[in-house]
$ cat my_file_3.cif   # mmCIF, C-alpha atoms
data_work
loop_
_atom_site.label_atom_id
_atom_site.label_comp_id
_atom_site.auth_asym_id
_atom_site.auth_seq_id
_atom_site.Cartn_x
_atom_site.Cartn_y
_atom_site.Cartn_z
CA MET X 1 131.99 -19.12 -164.89
CA THR X 2 133.74 -20.02 -161.67
CA ALA X 3 134.80 -16.40 -161.33
CA ARG X 4 134.97 -14.61 -158.03
CA ILE X 5 131.76 -13.03 -156.81
CA GLN X 6 131.55 -9.82 -154.87
CA ILE X 7 129.90 -9.95 -151.45
CA SER X 8 129.19 -7.34 -148.80
CA LEU X 9 128.37 -8.42 -145.30
CA ASP X 10 128.73 -7.40 -141.70
CA VAL X 11 131.21 -9.36 -139.59
CA ASN X 12 131.26 -8.67 -135.85
CA GLY X 13 129.79 -5.25 -136.48
CA GLU X 14 132.21 -4.24 -139.23
CA ARG X 15 131.33 -3.93 -142.89
CA VAL X 16 133.31 -6.35 -145.05
CA ASP X 17 133.55 -6.26 -148.86
CA ALA X 18 135.24 -9.19 -150.54
CA HIS X 19 135.55 -11.17 -153.74
CA VAL X 20 135.14 -14.89 -153.18
CA LEU X 21 135.12 -18.06 -155.23
CA PRO X 22 131.71 -19.79 -155.14
CA ARG X 23 133.23 -22.94 -153.61
CA LEU X 24 134.63 -21.07 -150.59
CA ASN X 25 132.69 -21.93 -147.45
CA LEU X 26 132.01 -19.41 -144.71
CA ALA X 27 134.40 -21.06 -142.23
CA ASP X 28 137.34 -20.84 -144.62
CA PHE X 29 136.37 -17.29 -145.59
CA LEU X 30 136.44 -16.20 -141.94
CA ARG X 31 139.69 -18.00 -141.19
CA GLU X 32 141.71 -17.40 -144.33
CA GLN X 33 140.50 -14.08 -145.69
CA LEU X 34 139.55 -12.32 -142.45
CA GLN X 35 142.07 -14.12 -140.17
CA LEU X 36 139.28 -14.84 -137.68
CA THR X 37 140.75 -18.18 -136.67
CA GLY X 38 138.62 -18.68 -133.57
CA THR X 39 136.12 -20.43 -135.84
CA HIS X 40 137.52 -23.94 -136.00
CA VAL X 41 137.24 -26.39 -138.85
CA GLY X 42 136.83 -29.99 -137.75
CA CYS X 43 134.87 -32.44 -139.87
CA GLU X 44 133.84 -30.14 -142.73
CA HIS X 45 130.56 -31.96 -143.15
CA GLY X 46 128.36 -30.58 -140.41
CA VAL X 47 128.81 -33.24 -137.75
CA CYS X 48 131.25 -31.84 -135.18
CA GLY X 49 129.99 -28.29 -134.52
CA ALA X 50 133.46 -26.74 -134.15
CA CYS X 51 132.70 -24.19 -136.88
CA THR X 52 129.48 -22.87 -135.28
CA VAL X 53 128.93 -19.12 -135.83
CA ARG X 54 125.91 -16.82 -135.77
CA VAL X 55 124.34 -15.59 -138.99
CA ASN X 56 121.58 -13.00 -138.59
CA GLY X 57 121.41 -13.94 -134.91
CA GLU X 58 120.95 -17.69 -135.45
CA ILE X 59 123.61 -20.35 -135.01
CA VAL X 60 124.72 -22.18 -138.15
CA ARG X 61 127.47 -24.50 -139.30
CA SER X 62 129.87 -22.24 -141.19
CA CYS X 63 131.29 -25.27 -143.06
CA LEU X 64 127.81 -25.88 -144.52
CA MET X 65 127.28 -22.38 -145.83
CA LEU X 66 128.95 -20.76 -148.79
CA ALA X 67 130.56 -17.38 -148.31
CA VAL X 68 128.48 -16.11 -151.25
CA GLN X 69 125.32 -16.96 -149.30
CA THR X 70 126.24 -14.38 -146.65
CA GLN X 71 125.62 -11.47 -149.03
CA GLY X 72 123.89 -8.82 -146.92
CA ALA X 73 124.04 -10.95 -143.77
CA SER X 74 125.30 -10.17 -140.29
CA VAL X 75 127.88 -12.74 -139.16
CA GLU X 76 129.15 -13.03 -135.58
CA THR X 77 132.10 -15.20 -134.62
CA ILE X 78 133.63 -16.14 -131.28
CA GLU X 79 135.89 -13.08 -131.61
CA GLY X 80 132.82 -10.84 -131.77
CA LEU X 81 131.07 -12.52 -128.86
CA SER X 82 134.27 -12.35 -126.79
CA ASP X 83 135.09 -8.71 -127.55
CA SER X 84 131.56 -7.49 -126.83
CA GLY X 85 131.58 -9.14 -123.41
CA GLU X 86 128.34 -10.95 -124.22
CA ILE X 87 129.62 -14.29 -122.95
CA VAL X 88 132.23 -13.22 -120.43
CA ASP X 89 130.40 -15.05 -117.63
CA LEU X 90 129.99 -18.20 -119.72
CA GLN X 91 133.68 -18.16 -120.58
CA ALA X 92 134.58 -17.74 -116.89
CA ALA X 93 132.31 -20.64 -115.97
CA PHE X 94 133.96 -22.85 -118.62
CA ARG X 95 137.34 -22.02 -117.10
CA ASP X 96 136.20 -22.49 -113.50
CA ARG X 97 134.48 -25.79 -114.22
CA ASN X 98 137.30 -27.21 -116.35
CA ALA X 99 134.89 -27.36 -119.26
CA LEU X 100 137.71 -27.24 -121.77
CA GLN X 101 140.99 -29.01 -122.20
CA CYS X 102 142.40 -28.77 -125.71
CA GLY X 103 139.97 -25.99 -126.59
CA PHE X 104 139.24 -27.08 -130.13
CA CYS X 105 135.49 -27.44 -129.60
CA THR X 106 135.22 -24.50 -127.19
CA PRO X 107 134.32 -21.63 -129.56
CA GLY X 108 131.49 -23.71 -131.05
CA MET X 109 130.38 -24.90 -127.61
CA LEU X 110 130.25 -21.34 -126.27
CA ILE X 111 128.23 -20.06 -129.22
CA ALA X 112 125.80 -23.00 -129.06
CA ALA X 113 125.45 -22.64 -125.27
CA GLN X 114 124.82 -18.90 -125.53
CA ASP X 115 122.16 -19.61 -128.17
CA LEU X 116 120.40 -21.93 -125.72
CA LEU X 117 120.59 -19.46 -122.84
CA LYS X 118 119.09 -16.70 -124.99
CA GLN X 119 116.14 -18.92 -125.93
CA THR X 120 115.77 -20.80 -122.66
CA PRO X 121 117.17 -18.84 -119.71
CA ASP X 122 116.63 -21.66 -117.21
CA PRO X 123 117.30 -24.96 -118.97
CA ASP X 124 117.59 -28.27 -117.14
CA ARG X 125 120.54 -30.55 -117.80
CA GLU X 126 118.61 -32.61 -120.33
CA ARG X 127 117.76 -29.51 -122.35
CA ILE X 128 121.40 -28.41 -122.24
CA ARG X 129 122.51 -31.81 -123.49
CA GLU X 130 119.97 -31.70 -126.28
CA HIS X 131 121.00 -28.24 -127.45
CA LEU X 132 124.69 -29.11 -127.39
CA SER X 133 124.14 -32.53 -128.99
CA GLY X 134 125.51 -31.27 -132.29
CA ASN X 135 128.86 -30.24 -130.79
CA TYR X 136 131.52 -32.85 -130.25
CA CYS X 137 134.06 -32.61 -127.43
CA ARG X 138 136.75 -35.30 -127.35
CA CYS X 139 138.38 -34.22 -124.06
CA THR X 140 135.97 -33.43 -121.28
CA GLY X 141 133.31 -36.11 -121.38
CA TYR X 142 130.72 -33.29 -121.51
CA GLN X 143 129.76 -33.29 -117.80
CA ALA X 144 131.91 -30.26 -117.04
CA ILE X 145 130.48 -28.41 -120.02
CA ILE X 146 126.93 -29.09 -118.84
CA ASP X 147 127.99 -27.91 -115.36
CA ALA X 148 129.37 -24.65 -116.77
CA VAL X 149 126.25 -23.88 -118.79
CA GLU X 150 123.98 -24.75 -115.88
CA THR X 151 126.03 -22.55 -113.54
CA THR X 152 125.89 -19.62 -115.95
CA ALA X 153 122.12 -19.99 -116.32
CA ARG X 154 121.66 -19.97 -112.55
CA VAL X 155 123.80 -16.90 -112.04
CA ARG X 156 122.04 -15.05 -114.84
CA MET X 157 118.70 -15.96 -113.24
CA GLY X 158 119.95 -14.33 -110.05
CA ARG X 159 120.37 -17.58 -108.19
CA LYS X 160 123.41 -19.10 -106.56
CA PRO X 161 125.65 -21.09 -108.91
CA MET L 162 137.69 -31.80 -147.61
CA LYS L 163 136.63 -28.85 -149.70
CA ALA L 164 134.03 -28.78 -152.46
CA SER L 165 135.44 -28.84 -155.98
CA ALA L 166 135.02 -25.71 -158.09
CA PHE L 167 131.61 -24.79 -159.42
CA SER L 168 129.89 -21.75 -160.77
CA TYR L 169 127.09 -20.08 -158.89
CA ALA L 170 123.80 -18.49 -159.83
CA ARG L 171 121.28 -16.88 -157.52
CA ALA L 172 117.75 -17.41 -158.82
CA THR L 173 115.49 -14.38 -158.55
CA SER L 174 112.18 -16.20 -159.03
CA VAL L 175 110.78 -19.67 -159.66
CA VAL L 176 110.52 -18.83 -163.38
CA ASN L 177 114.16 -17.75 -163.41
CA ALA L 178 115.21 -20.91 -161.55
CA LEU L 179 113.33 -23.09 -164.06
CA GLU L 180 115.04 -21.32 -166.98
CA LEU L 181 118.43 -22.03 -165.44
CA LEU L 182 117.50 -25.66 -164.74
CA ALA L 183 116.27 -26.08 -168.32
CA ALA L 184 119.58 -24.73 -169.58
CA HIS L 185 121.87 -26.74 -167.31
CA GLY L 186 119.84 -29.87 -166.52
CA ASP L 187 121.59 -32.45 -164.38
CA LYS L 188 124.87 -30.50 -164.43
CA ALA L 189 123.21 -28.09 -162.01
CA LYS L 190 122.27 -28.73 -158.42
CA VAL L 191 119.70 -26.73 -156.50
CA LEU L 192 120.96 -25.20 -153.25
CA SER L 193 118.22 -24.73 -150.67
CA GLY L 194 119.39 -24.91 -147.04
CA GLY L 195 122.51 -26.79 -148.10
CA GLN L 196 122.62 -29.01 -145.02
CA SER L 197 122.81 -32.21 -147.08
CA LEU L 198 124.18 -30.78 -150.32
CA MET L 199 127.17 -29.04 -148.74
CA PRO L 200 128.42 -32.15 -146.88
CA ALA L 201 128.04 -34.18 -150.08
CA MET L 202 130.06 -31.59 -151.99
CA ASN L 203 132.68 -31.22 -149.24
CA LEU L 204 133.11 -35.00 -149.26
CA ARG L 205 133.35 -34.87 -153.09
CA LEU L 206 130.46 -37.31 -153.38
CA ILE L 207 129.03 -34.92 -155.94
CA SER L 208 130.67 -32.20 -158.00
CA PRO L 209 128.01 -30.14 -159.77
CA GLU L 210 129.10 -27.65 -162.43
CA LEU L 211 126.54 -25.11 -161.33
CA ILE L 212 125.02 -24.38 -157.96
CA LEU L 213 121.64 -22.76 -158.32
CA ASP L 214 120.86 -20.92 -155.09
CA ILE L 215 117.08 -20.62 -154.57
CA GLY L 216 117.44 -19.18 -151.06
CA GLU L 217 116.22 -15.71 -152.02
CA ILE L 218 112.97 -16.77 -153.73
CA ALA L 219 110.33 -15.30 -151.42
CA GLU L 220 107.42 -17.10 -153.14
CA LEU L 221 108.79 -20.44 -151.87
CA ARG L 222 108.42 -19.43 -148.23
CA GLY L 223 105.53 -19.58 -145.85
CA ILE L 224 102.96 -21.76 -144.16
CA ALA L 225 99.25 -21.27 -144.89
CA VAL L 226 95.99 -23.03 -144.09
CA ARG L 227 93.41 -22.94 -146.88
CA GLY L 228 90.22 -24.89 -146.41
CA GLY L 229 91.21 -28.35 -145.28
CA VAL L 230 94.74 -28.03 -146.61
CA LEU L 231 97.97 -27.01 -144.93
CA ALA L 232 100.37 -25.64 -147.55
CA ILE L 233 104.07 -25.38 -146.70
CA GLY L 234 106.54 -23.63 -148.99
CA ALA L 235 109.64 -25.57 -150.00
CA LEU L 236 112.02 -23.06 -148.40
CA THR L 237 110.37 -23.34 -144.99
CA ARG L 238 113.21 -24.07 -142.58
CA HIS L 239 113.06 -26.79 -139.94
CA VAL L 240 113.18 -24.17 -137.17
CA GLU L 241 110.14 -22.48 -138.71
CA LEU L 242 108.25 -25.79 -138.81
CA ALA L 243 109.13 -26.35 -135.16
CA ARG L 244 107.80 -22.94 -134.09
CA SER L 245 104.74 -22.73 -136.31
CA PRO L 246 101.39 -22.66 -134.47
CA GLU L 247 99.66 -23.75 -137.73
CA ILE L 248 101.84 -26.86 -137.95
CA ALA L 249 101.32 -27.63 -134.24
CA ALA L 250 97.54 -27.33 -134.69
CA HIS L 251 97.11 -29.11 -138.01
CA ALA L 252 100.07 -31.48 -138.37
CA PRO L 253 101.44 -32.05 -134.85
CA LEU L 254 103.33 -35.11 -136.08
CA LEU L 255 105.71 -32.70 -137.82
CA THR L 256 106.17 -30.58 -134.69
CA GLU L 257 107.15 -33.69 -132.78
CA ALA L 258 109.36 -35.12 -135.51
CA ILE L 259 111.30 -31.98 -136.35
CA VAL L 260 113.33 -31.87 -133.13
CA HIS L 261 114.81 -35.21 -134.15
CA VAL L 262 116.17 -33.72 -137.37
CA ALA L 263 119.85 -33.08 -136.74
CA HIS L 264 120.82 -30.26 -134.36
CA PRO L 265 119.74 -26.65 -133.74
CA ALA L 266 122.42 -25.11 -135.98
CA ILE L 267 121.35 -27.38 -138.83
CA ARG L 268 117.64 -26.85 -138.26
CA ASN L 269 118.27 -23.11 -138.62
CA ARG L 270 119.35 -23.65 -142.25
CA GLY L 271 117.81 -26.92 -143.45
CA THR L 272 114.55 -26.70 -145.40
CA LEU L 273 111.56 -28.98 -145.90
CA GLY L 274 111.88 -28.93 -149.68
CA GLY L 275 115.59 -29.63 -149.50
CA SER L 276 115.12 -32.61 -147.21
CA LEU L 277 112.39 -34.11 -149.40
CA ALA L 278 114.26 -33.57 -152.67
CA HIS L 279 117.40 -35.08 -151.14
CA ALA L 280 115.37 -38.18 -150.12
CA ASP L 281 117.74 -39.76 -147.65
CA PRO L 282 115.92 -42.94 -146.61
CA ALA L 283 117.09 -42.46 -143.01
CA SER L 284 115.68 -38.96 -142.67
CA GLU L 285 112.52 -38.14 -140.76
CA LEU L 286 110.58 -35.76 -142.99
CA PRO L 287 110.02 -38.04 -146.00
CA ALA L 288 108.46 -40.65 -143.68
CA CYS L 289 106.27 -37.96 -142.10
CA MET L 290 105.06 -36.92 -145.55
CA VAL L 291 104.13 -40.49 -146.37
CA ALA L 292 102.34 -40.95 -143.03
CA LEU L 293 100.50 -37.63 -143.44
CA ASP L 294 99.46 -38.48 -147.02
CA ALA L 295 101.12 -35.32 -148.32
CA THR L 296 101.06 -34.09 -151.88
CA ILE L 297 104.42 -32.91 -153.20
CA ILE L 298 104.10 -30.07 -155.68
CA VAL L 299 106.82 -29.70 -158.30
CA ARG L 300 107.06 -27.19 -161.10
CA GLY L 301 108.78 -27.37 -164.47
CA GLN L 302 108.64 -25.16 -167.51
CA ALA L 303 105.73 -27.26 -168.81
CA GLY L 304 103.73 -26.63 -165.66
CA GLU L 305 102.98 -28.09 -162.27
CA ARG L 306 102.80 -31.73 -161.17
CA ARG L 307 101.18 -32.92 -157.97
CA ILE L 308 102.68 -36.17 -156.70
CA ALA L 309 101.49 -38.25 -153.76
CA ALA L 310 104.30 -38.60 -151.21
CA LYS L 311 104.15 -42.40 -151.39
CA ASP L 312 104.95 -42.20 -155.13
CA PHE L 313 107.50 -39.37 -154.84
CA PHE L 314 110.25 -41.33 -153.08
CA MET L 315 111.72 -43.91 -155.43
CA GLY L 316 114.99 -45.06 -153.89
CA ILE L 317 118.10 -43.93 -152.07
CA TYR L 318 118.42 -40.20 -152.89
CA GLU L 319 116.00 -40.85 -155.75
CA THR L 320 112.68 -39.12 -156.32
CA ALA L 321 110.11 -38.48 -159.05
CA LEU L 322 111.60 -35.01 -159.48
CA SER L 323 113.34 -34.50 -162.83
CA ALA L 324 116.52 -32.45 -163.23
CA GLN L 325 114.50 -29.65 -164.86
CA GLU L 326 111.91 -29.43 -162.09
CA LEU L 327 111.80 -27.62 -158.77
CA LEU L 328 110.00 -28.81 -155.65
CA VAL L 329 107.95 -25.75 -154.72
CA ALA L 330 105.57 -26.77 -151.92
CA VAL L 331 103.92 -29.51 -149.94
CA GLU L 332 100.24 -29.83 -149.14
CA LEU L 333 98.92 -31.79 -146.19
CA PRO L 334 95.35 -32.57 -145.22
CA VAL L 335 94.69 -30.89 -141.88
CA ALA L 336 94.36 -33.25 -138.94
CA ARG L 337 90.86 -34.71 -138.77
CA LYS L 338 88.69 -35.33 -135.71
CA ASN L 339 90.11 -38.04 -133.43
CA SER L 340 93.52 -37.78 -135.08
CA ALA L 341 96.46 -39.14 -133.20
CA HIS L 342 100.11 -39.36 -134.06
CA PHE L 343 103.22 -41.19 -132.91
CA PHE L 344 106.87 -40.55 -133.59
CA CYS L 345 109.87 -42.50 -132.34
CA GLU L 346 113.32 -43.27 -133.64
CA PHE L 347 116.41 -45.10 -132.50
CA ALA L 348 119.69 -43.25 -133.05
CA ARG L 349 123.18 -43.47 -131.56
CA ARG L 350 123.16 -39.79 -130.59
CA HIS L 351 120.28 -37.33 -130.35
CA GLY L 352 119.98 -35.75 -133.77
CA ASP L 353 121.89 -38.40 -135.68
CA TYR L 354 120.33 -40.24 -138.57
CA ALA L 355 118.02 -42.95 -137.30
CA ILE L 356 118.92 -46.62 -137.19
CA ALA L 357 115.18 -47.26 -137.43
CA GLY L 358 112.23 -44.93 -136.98
CA LEU L 359 108.46 -44.64 -137.26
CA ALA L 360 106.21 -41.68 -138.04
CA ALA L 361 102.55 -42.66 -137.68
CA GLN L 362 99.27 -40.89 -138.20
CA ALA L 363 96.00 -42.46 -137.07
CA ILE L 364 92.33 -41.95 -136.41
CA VAL L 365 91.31 -43.55 -133.12
CA GLU L 366 87.64 -43.98 -132.29
CA GLY L 367 87.10 -45.29 -128.83
CA ASP L 368 89.73 -47.98 -128.53
CA VAL L 369 89.90 -48.89 -132.20
CA PHE L 370 91.98 -47.59 -135.10
CA THR L 371 89.72 -46.56 -137.96
CA ASP L 372 92.75 -45.40 -139.93
CA LEU L 373 96.44 -46.03 -139.44
CA ARG L 374 99.33 -44.91 -141.63
CA LEU L 375 102.74 -46.18 -140.58
CA GLY L 376 105.72 -44.44 -142.19
CA PHE L 377 108.88 -46.35 -141.35
CA PHE L 378 112.27 -44.82 -142.12
CA ALA L 379 115.88 -46.01 -142.17
CA ILE L 380 114.69 -49.55 -142.83
CA GLY L 381 114.56 -49.56 -146.61
CA ASP L 382 115.72 -47.63 -149.66
CA ARG L 383 112.84 -45.15 -149.18
CA PRO L 384 110.20 -44.36 -146.55
CA VAL L 385 107.91 -47.38 -146.24
CA LEU L 386 104.15 -47.02 -145.84
CA ALA L 387 103.59 -50.34 -144.11
CA LYS L 388 100.72 -52.44 -145.45
CA ALA L 389 100.69 -54.34 -142.17
CA ALA L 390 98.90 -51.34 -140.64
CA SER L 391 95.64 -52.59 -142.18
CA ARG L 392 95.67 -55.56 -139.82
CA LEU L 393 95.18 -53.19 -136.89
CA VAL L 394 92.35 -51.17 -138.41
CA ASN L 395 88.71 -51.69 -137.41
CA VAL L 396 89.53 -54.56 -135.08
CA ALA L 397 89.72 -54.82 -131.32
CA ALA L 398 93.43 -54.72 -130.59
CA THR L 399 94.60 -57.76 -128.70
CA PRO L 400 98.11 -59.11 -128.21
CA ALA L 401 97.24 -61.78 -130.80
CA VAL L 402 96.16 -59.17 -133.37
CA LEU L 403 99.33 -57.17 -132.72
CA PHE L 404 101.41 -60.34 -133.07
CA GLU L 405 99.88 -60.98 -136.48
CA ALA L 406 100.44 -57.39 -137.61
CA SER L 407 104.00 -57.53 -136.34
CA SER L 408 104.71 -60.78 -138.19
CA ALA L 409 103.23 -59.31 -141.37
CA LEU L 410 105.43 -56.23 -140.91
CA GLY L 411 108.50 -58.42 -140.57
CA GLU L 412 107.62 -60.22 -143.81
CA GLU L 413 106.92 -57.00 -145.63
CA LEU L 414 110.10 -55.10 -144.73
CA ASP L 415 113.35 -55.55 -146.59
CA PRO L 416 115.86 -53.67 -144.42
CA GLN L 417 119.38 -52.90 -145.56
CA GLU L 418 122.48 -53.80 -143.60
CA ASP L 419 125.15 -51.20 -142.85
CA GLN L 420 127.72 -50.35 -140.20
CA GLN L 421 124.97 -49.24 -137.82
CA ALA L 422 122.75 -52.32 -137.84
CA SER L 423 122.11 -55.66 -139.47
CA ALA L 424 118.92 -56.31 -141.44
CA SER L 425 117.55 -58.52 -138.68
CA MET L 426 118.25 -55.86 -136.04
CA ARG L 427 116.34 -53.31 -138.12
CA ARG L 428 113.42 -55.72 -138.56
CA HIS L 429 113.41 -56.28 -134.81
CA LEU L 430 113.47 -52.53 -134.09
CA ALA L 431 110.61 -51.92 -136.53
CA LYS L 432 108.50 -54.43 -134.61
CA VAL L 433 109.40 -52.76 -131.33
CA LEU L 434 108.29 -49.43 -132.81
CA LEU L 435 105.00 -50.93 -134.00
CA GLY L 436 104.28 -52.27 -130.52
CA ARG L 437 105.08 -48.94 -128.89
CA CYS L 438 102.98 -47.08 -131.43
CA ALA L 439 99.88 -49.25 -130.99
CA SER L 440 100.27 -49.17 -127.23
CA ALA L 441 100.70 -45.40 -127.06
CA LEU L 442 97.93 -44.45 -129.49
CA LEU L 443 95.35 -46.81 -128.03
CA GLY L 444 96.38 -46.14 -124.43
CA ARG L 445 97.02 -49.84 -123.96
CA PRO L 446 100.25 -50.44 -122.00
CA ASP L 447 99.52 -54.19 -122.12
CA LEU L 448 100.17 -54.27 -125.87
CA ASP L 449 103.76 -53.20 -125.31
CA ALA L 450 104.25 -55.12 -122.07
CA GLY L 451 105.94 -58.15 -123.54
CA GLY L 452 108.36 -56.09 -125.57
CA PRO L 453 108.85 -57.04 -129.20
CA VAL L 454 106.79 -59.87 -130.58
#
$ encode --input "my_file_3.cif" --output "structure tokens"
Amino acid sequence: MTARIQISLDVNGERVDAHVLPRLNLADFLREQLQLTGTHVGCEHGVCGACTVRVNGEIVRSCLMLAVQTQGASVETIEGLSDSGEIVDLQAAFRDRNALQCGFCTPGMLIAAQDLLKQTPDPDRERIREHLSGNYCRCTGYQAIIDAVETTARVRMGRKP
Amino acid sequence: MKASAFSYARATSVVNALELLAAHGDKAKVLSGGQSLMPAMNLRLISPELILDIGEIAELRGIAVRGGVLAIGALTRHVELARSPEIAAHAPLLTEAIVHVAHPAIRNRGTLGGSLAHADPASELPACMVALDATIIVRGQAGERRIAAKDFFMGIYETALSAQELLVAVELPVARKNSAHFFCEFARRHGDYAIAGLAAQAIVEGDVFTDLRLGFFAIGDRPVLAKAASRLVNVAATPAVLFEASSALGEELDPQEDQQASASMRRHLAKVLLGRCASALLGRPDLDAGGPV
């Protein structure tokens, strides 16, 4: 009964067919079966946000979703967002503003921040804080991350950073 | 940690889900949004033999207004509640409360039915259901049961739902004339579980409450519909009246102690919330001026 189950999904624009155990969560599936190790695994119970990915265009915790639940879904990871150039400016702003140190939280932060900027192109700092409240960073103290997101929003709005 | 091994079934309909629940009973666990179930499994707090995924059952989705009733399907996700114009118009308490439920990535997956069936006493939605006088609709093979929200929640993670039943929908009376609502919670971090919180629904005529339902959460083993609310109804609110209501609330509550707060701190915070609620809904800053009473 705990046999592997076949799934077909789209990961970063590529069709993936796999056989997975029901207990396998999406984060481990991405990391261990697809070698997409940019998705980080921190707390494994939905608190830290390091495993944030996009499923059907919406951000989710990949540690709180089973791989079998992604049948037919479109999954995007930090590798996909990086390769497509979608967040190249956000990544540059993180670097320029020293918004990362160890980098463990960064993939999740970038995906959550991009999600905010798609929904709210011109957020104030409070809105940025609120949207990133589910992503822990243990290095930066958050201010630099807020700076980077705010800067990216301004530039995308055609204003000075 | 990782969840222990389990088998997996994807229900194709409510009838199919009920057949599987009848066959497996309490060895099965229903997977809705998974935002409470998955952490519990990853932490090995529970190890079900079968996960029954109801995520594909279309008949459990949707928000509809029929007559004076707002019906919300169990699989309605938090993000859908937040964006729904029907909810904003007819149950604005939910619109205000929902942004306090965890974080965006979790609200994209978590469902109303899942949150209610999980019945975490510190979570927001059960208290909203109690304040809104919701009816919880559950279905088993023998048929449907309609349970008042105040009777549905029975303890920590404990509800009136049996292992063979499925929570299918919630019905709320649409907001009446002169309705007002209040929501506030204290938490360490935005989106964390509350240390103490209040979801309130009221009817205010002039400067008097003609109805007041106070749903406190994170201060007991289930959402508490405070009886002390009656002391504020159909009376001119004065600091003395509020003091009496607040004292009665303190007597009535039986808060738990944990690493976040002592029982007396929770009792104190509940009184603070009551003062803020009365002050905000009646437009009377003076009632909250002295802080907690």
$ axis_aligned_box --input "my_file_3.cif" --around "range 130-138 of chain X" --padding-each-side "4 Å" --output "lines of an AutoDock Vina configuration file"
center_x = 128.4
center_y = -31.8
center_z = -129.3
size_x = 24.8
size_y = 15.1
size_z = 14.0
$ atom_distance --input "my_file_3.cif" --atom1 "CA of Leu254 in chain L" --atom2 "CA of Ala336 in chain L"
9.6 Å
$ interface_residues --input "my_file_3.cif" --of "chain L" --to "chain X" --cutoff "9 Å" --atoms "all atoms listed in the file" --output "ChimeraX atom specification"
/L:162-169,194-204,210-212,214,216,263-270,350-353
$ atom_distance --input "my_file_3.cif" --atom1 "CA of Ala409 in chain L" --atom2 "CA of Ala357 in chain L"
17.4 Å
$ residues_around --input "my_file_3.cif" --residues "Asn98 in chain X" --least-positions-apart "5" --cutoff "10 Å" --atoms "all atoms listed in the file" --output "ChimeraX atom specification"
/X:92-93,140,143-145,147-148
$ residues_near_point --input "my_file_3.cif" --point "(135.7, -27.4, -132.6)" --cutoff "9 Å" --atoms "all atoms listed in the file" --output "PyMOL selection string"
chain X and resi 39-43+48-52+103-109+135-137
$ resolve_selection --input "my_file_3.cif" --expression "the PyMOL selection byres ((chain L and resi 224) around 9)" --output "ChimeraX atom specification"
/L:222-223,225-226,231-234,237,242,245,247-248
$ residues_around --input "my_file_3.cif" --residues "Met315 in chain L" --least-positions-apart "2" --cutoff "10 Å" --atoms "all atoms listed in the file" --output "PyMOL selection string"
chain L and resi 280+282+311-313+317-322+382-384
$ atom_distance --input "my_file_3.cif" --atom1 "CA of Ala67 in chain X" --atom2 "CA of Ala183 in chain L"
26.1 Å
$ residues_around --input "my_file_3.cif" --residues "Gly229 in chain L" --least-positions-apart "5" --cutoff "12 Å" --atoms "only C-alpha atoms" --output "ChimeraX atom specification"
/L:251-252,332-337
$ resolve_selection --input "my_file_3.cif" --expression "the PyMOL selection byres ((chain L and resi 221) around 12)" --output "VMD selection string"
chain L and resid 172 to 176 178 193 215 to 220 222 to 225 232 to 238 272 to 275 298 to 300 327 to 331
$ residues_around --input "my_file_3.cif" --residues "Thr151 in chain X" --least-positions-apart "3" --cutoff "9 Å" --atoms "all atoms listed in the file" --output "list in words"
Leu90, Ala93, Ile146, Asp147, Ala148, Arg154, Val155, Arg156, Lys160 and Pro161 of chain X
$ resolve_selection --input "my_file_3.cif" --expression "the PyMOL selection byres ((chain X and resi 79) around 10)" --output "number ranges by chain"
X: 11-12, 36-39, 76-78, 80-84, 107
$ write_last_selection --input "my_file_3.cif" --atoms "C-alpha atoms" --output "PDB file, in the coordinates of the input"
ATOM      1  CA  VAL X  11     131.210  -9.360-139.590  1.00  0.00           C
ATOM      2  CA  ASN X  12     131.260  -8.670-135.850  1.00  0.00           C
ATOM      3  CA  LEU X  36     139.280 -14.840-137.680  1.00  0.00           C
ATOM      4  CA  THR X  37     140.750 -18.180-136.670  1.00  0.00           C
ATOM      5  CA  GLY X  38     138.620 -18.680-133.570  1.00  0.00           C
ATOM      6  CA  THR X  39     136.120 -20.430-135.840  1.00  0.00           C
ATOM      7  CA  GLU X  76     129.150 -13.030-135.580  1.00  0.00           C
ATOM      8  CA  THR X  77     132.100 -15.200-134.620  1.00  0.00           C
ATOM      9  CA  ILE X  78     133.630 -16.140-131.280  1.00  0.00           C
ATOM     10  CA  GLY X  80     132.820 -10.840-131.770  1.00  0.00           C
ATOM     11  CA  LEU X  81     131.070 -12.520-128.860  1.00  0.00           C
ATOM     12  CA  SER X  82     134.270 -12.350-126.790  1.00  0.00           C
ATOM     13  CA  ASP X  83     135.090  -8.710-127.550  1.00  0.00           C
ATOM     14  CA  SER X  84     131.560  -7.490-126.830  1.00  0.00           C
ATOM     15  CA  PRO X 107     134.320 -21.630-129.560  1.00  0.00           C
TER      16      PRO X 107
END
$ residues_around --input "my_file_3.cif" --residues "Ala18 in chain X" --least-positions-apart "2" --cutoff "9 Å" --atoms "all atoms listed in the file" --output "PDB file with C-alpha atoms, in the coordinates of the input"
ATOM      1  CA  ILE X   5     131.760 -13.030-156.810  1.00  0.00           C
ATOM      2  CA  GLN X   6     131.550  -9.820-154.870  1.00  0.00           C
ATOM      3  CA  ILE X   7     129.900  -9.950-151.450  1.00  0.00           C
ATOM      4  CA  SER X   8     129.190  -7.340-148.800  1.00  0.00           C
ATOM      5  CA  LEU X   9     128.370  -8.420-145.300  1.00  0.00           C
ATOM      6  CA  VAL X  16     133.310  -6.350-145.050  1.00  0.00           C
ATOM      7  CA  VAL X  20     135.140 -14.890-153.180  1.00  0.00           C
ATOM      8  CA  GLN X  33     140.500 -14.080-145.690  1.00  0.00           C
TER       9      GLN X  33
END
